[in-house]
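Asks: Dropping in coords14.tsv, with TSV, C-alpha atoms.
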chain	number	residue	atom	x	y	z
A	1	MET	CA	0.00	0.00	0.00
A	2	ASP	CA	1.52	3.31	-1.03
A	3	PHE	CA	1.46	6.54	0.95
A	4	THR	CA	-1.55	7.98	-0.91
A	5	ASP	CA	-3.62	4.88	-0.21
A	6	GLN	CA	-2.61	5.01	3.46
A	7	MET	CA	-3.70	8.64	3.73
A	8	ALA	CA	-6.96	7.83	1.95
A	9	ALA	CA	-7.63	5.01	4.40
A	10	LYS	CA	-7.05	7.42	7.28
A	11	LEU	CA	-9.59	9.82	5.76
A	12	LEU	CA	-12.11	7.00	5.55
A	13	ALA	CA	-11.44	6.01	9.16
A	14	HIS	CA	-11.91	9.64	10.20
A	15	ALA	CA	-15.28	9.78	8.39
A	16	ILE	CA	-16.38	6.60	10.16
A	17	ARG	CA	-15.37	8.07	13.51
A	18	GLN	CA	-17.33	11.24	12.72
A	19	LEU	CA	-20.41	9.22	11.80
A	20	GLY	CA	-20.17	7.53	15.19
A	21	GLN	CA	-20.13	10.94	16.84
A	22	ALA	CA	-23.18	12.00	14.83
A	23	LEU	CA	-24.97	8.81	15.82
A	24	ASN	CA	-24.14	9.35	19.50
A	25	GLU	CA	-25.47	12.91	19.33
A	26	THR	CA	-28.61	11.74	17.54
A	27	LEU	CA	-29.30	9.17	20.26
A	28	CYS	CA	-29.03	11.71	23.07
A	29	VAL	CA	-32.14	12.54	25.08
A	30	THR	CA	-32.00	16.08	23.68
A	31	PRO	CA	-29.92	15.91	20.49
A	32	ASP	CA	-28.56	19.12	19.03
A	33	ARG	CA	-29.46	18.96	15.37
A	34	THR	CA	-27.05	21.76	14.49
A	35	ILE	CA	-24.17	19.64	15.78
A	36	VAL	CA	-25.37	16.62	13.80
A	37	ARG	CA	-25.72	18.73	10.66
A	38	ALA	CA	-22.22	20.18	11.14
A	39	ILE	CA	-20.74	16.71	11.61
A	40	LEU	CA	-22.50	15.40	8.50
A	41	THR	CA	-21.27	18.37	6.47
A	42	ASP	CA	-17.73	17.57	7.58
A	43	VAL	CA	-18.24	13.87	6.77
A	44	ARG	CA	-19.31	14.76	3.23
A	45	THR	CA	-16.15	16.83	2.81
A	46	THR	CA	-13.98	14.07	4.24
A	47	LEU	CA	-15.57	11.45	1.98
A	48	GLY	CA	-14.98	13.69	-1.04
A	49	GLU	CA	-11.32	13.99	-0.07
A	50	PHE	CA	-11.15	10.22	0.35
A	51	GLU	CA	-12.64	9.64	-3.10
A	52	ASP	CA	-10.26	12.12	-4.68
A	53	ALA	CA	-7.24	10.51	-3.06
A	54	TYR	CA	-8.26	6.89	-3.49
A	55	PHE	CA	-10.04	6.78	-6.84
A	56	ASP	CA	-8.39	9.53	-8.87
A	57	ASP	CA	-5.54	7.33	-10.01
A	58	PRO	CA	-5.13	7.32	-13.80
A	59	ASN	CA	-4.27	3.62	-13.68
A	60	VAL	CA	-7.53	2.64	-11.95
A	61	THR	CA	-10.76	2.48	-13.88
A	62	THR	CA	-14.00	3.16	-12.05
A	63	PRO	CA	-16.84	0.79	-12.88
A	64	PRO	CA	-20.04	2.42	-14.10
A	65	PRO	CA	-22.71	2.99	-11.44
A	66	SER	CA	-25.14	0.12	-11.05
A	67	GLN	CA	-28.66	0.65	-12.29
A	68	VAL	CA	-30.70	-0.35	-9.27
Here is the file; what I need is its structure written in the form of structure tokens.

Replies:
Amino acid sequence: MDFTDQMAAKLLAHAIRQLGQALNETLCVTPDRTIVRAILTDVRTTLGEFEDAYFDDPNVTTPPPSQV
């Protein structure tokens, strides 16, 4: 695994950790929806960075999206 793939994996792990935080906040007795929204916004950004780092390799072809 090269350095770029390692950094991409760390971004994915960070997004997973953030989703856990959002879930914990959602399950609170009085959840703060602004916090959950902020976390989800950050997760979207992190996942975009992961995709850019992991999939934007000219040697890797991305399969077409499935038609479900």

Asks: Between CA of Phe55 in chain A and CA of Lys10 in chain A, what distance in Å does the model show, to one decimal?

Replies: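 Computing the Euclidean distance for CA of Phe55 in chain A and CA of Lys10 in chain A yields 14.4 Å.
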
Asks: Work out how far CA of Val36 in chain A is from CA of Gln21 in chain A, in Å to one decimal.

Replies: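 These atoms are spaced 8.3 Å apart.
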
Asks: Between CA of Ala9 in chain A and CA of Val43 in chain A, what distance in Å does the model show, to one decimal?

Replies: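 Rounded to one decimal, the two atoms are 14.0 Å apart.
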
Asks: Would you list the contacts of Gly20 in chain A as a VMD selection string, taking every protein, DNA or RNA residue within 12 Å and counting all atoms listed in the file, but skipping same-chain residues closer than 5 positions in sequence?

Replies: chain A and resid 13 to 15 25 to 27 36 39 to 40 43

Asks: Which neighbours of Glu51 in chain A fall inside 10 Å, counting only C-alpha atoms, when residues of the same chain fewer than 6 positions from it are skipped, and could you give them as a ChimeraX atom specification?

Replies: /A:8,11-12,45

Asks: Could you check which of A:Phe3, A:Phe50, A:Thr41, A:Ile35 is closest to Leu23 in chain A, using only C-alpha atoms?

Replies: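 Of the candidates, the smallest distance to Leu23 in chain A is held by A:Ile35.
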
Asks: Any chance you could model N, CA and C atoms for range 36-50 of chain A and send them as a PDB file, keeping the file's coordinate frame?

Replies:
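Below is the file out19.pdb, written as the result:
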ATOM      1  N   VAL A  36     -25.283  17.754  14.728  1.00  0.00           N
ATOM      2  CA  VAL A  36     -25.370  16.620  13.800  1.00  0.00           C
ATOM      3  C   VAL A  36     -25.200  17.095  12.370  1.00  0.00           C
ATOM      4  N   ARG A  37     -25.844  18.195  12.025  1.00  0.00           N
ATOM      5  CA  ARG A  37     -25.720  18.730  10.660  1.00  0.00           C
ATOM      6  C   ARG A  37     -24.277  19.137  10.366  1.00  0.00           C
ATOM      7  N   ALA A  38     -23.615  19.762  11.329  1.00  0.00           N
ATOM      8  CA  ALA A  38     -22.220  20.180  11.140  1.00  0.00           C
ATOM      9  C   ALA A  38     -21.311  18.960  10.952  1.00  0.00           C
ATOM     10  N   ILE A  39     -21.545  17.935  11.743  1.00  0.00           N
ATOM     11  CA  ILE A  39     -20.740  16.710  11.610  1.00  0.00           C
ATOM     12  C   ILE A  39     -20.958  16.091  10.242  1.00  0.00           C
ATOM     13  N   LEU A  40     -22.210  16.005   9.804  1.00  0.00           N
ATOM     14  CA  LEU A  40     -22.500  15.400   8.500  1.00  0.00           C
ATOM     15  C   LEU A  40     -21.902  16.209   7.356  1.00  0.00           C
ATOM     16  N   THR A  41     -21.902  17.524   7.487  1.00  0.00           N
ATOM     17  CA  THR A  41     -21.270  18.370   6.470  1.00  0.00           C
ATOM     18  C   THR A  41     -19.778  18.052   6.394  1.00  0.00           C
ATOM     19  N   ASP A  42     -19.154  17.906   7.547  1.00  0.00           N
ATOM     20  CA  ASP A  42     -17.730  17.570   7.580  1.00  0.00           C
ATOM     21  C   ASP A  42     -17.478  16.172   7.024  1.00  0.00           C
ATOM     22  N   VAL A  43     -18.383  15.227   7.303  1.00  0.00           N
ATOM     23  CA  VAL A  43     -18.240  13.870   6.770  1.00  0.00           C
ATOM     24  C   VAL A  43     -18.296  13.893   5.247  1.00  0.00           C
ATOM     25  N   ARG A  44     -19.220  14.670   4.691  1.00  0.00           N
ATOM     26  CA  ARG A  44     -19.310  14.760   3.230  1.00  0.00           C
ATOM     27  C   ARG A  44     -17.993  15.273   2.636  1.00  0.00           C
ATOM     28  N   THR A  45     -17.421  16.291   3.271  1.00  0.00           N
ATOM     29  CA  THR A  45     -16.150  16.830   2.810  1.00  0.00           C
ATOM     30  C   THR A  45     -15.044  15.781   2.904  1.00  0.00           C
ATOM     31  N   THR A  46     -14.998  15.097   4.034  1.00  0.00           N
ATOM     32  CA  THR A  46     -13.980  14.070   4.240  1.00  0.00           C
ATOM     33  C   THR A  46     -14.119  12.941   3.233  1.00  0.00           C
ATOM     34  N   LEU A  47     -15.360  12.518   2.965  1.00  0.00           N
ATOM     35  CA  LEU A  47     -15.570  11.450   1.980  1.00  0.00           C
ATOM     36  C   LEU A  47     -15.178  11.907   0.575  1.00  0.00           C
ATOM     37  N   GLY A  48     -15.423  13.158   0.255  1.00  0.00           N
ATOM     38  CA  GLY A  48     -14.980  13.690  -1.040  1.00  0.00           C
ATOM     39  C   GLY A  48     -13.473  13.664  -1.158  1.00  0.00           C
ATOM     40  N   GLU A  49     -12.784  14.036  -0.078  1.00  0.00           N
ATOM     41  CA  GLU A  49     -11.320  13.990  -0.070  1.00  0.00           C
ATOM     42  C   GLU A  49     -10.829  12.551  -0.199  1.00  0.00           C
ATOM     43  N   PHE A  50     -11.515  11.636   0.470  1.00  0.00           N
ATOM     44  CA  PHE A  50     -11.150  10.220   0.350  1.00  0.00           C
ATOM     45  C   PHE A  50     -11.293   9.754  -1.097  1.00  0.00           C
TER      46      PHE A  50
END
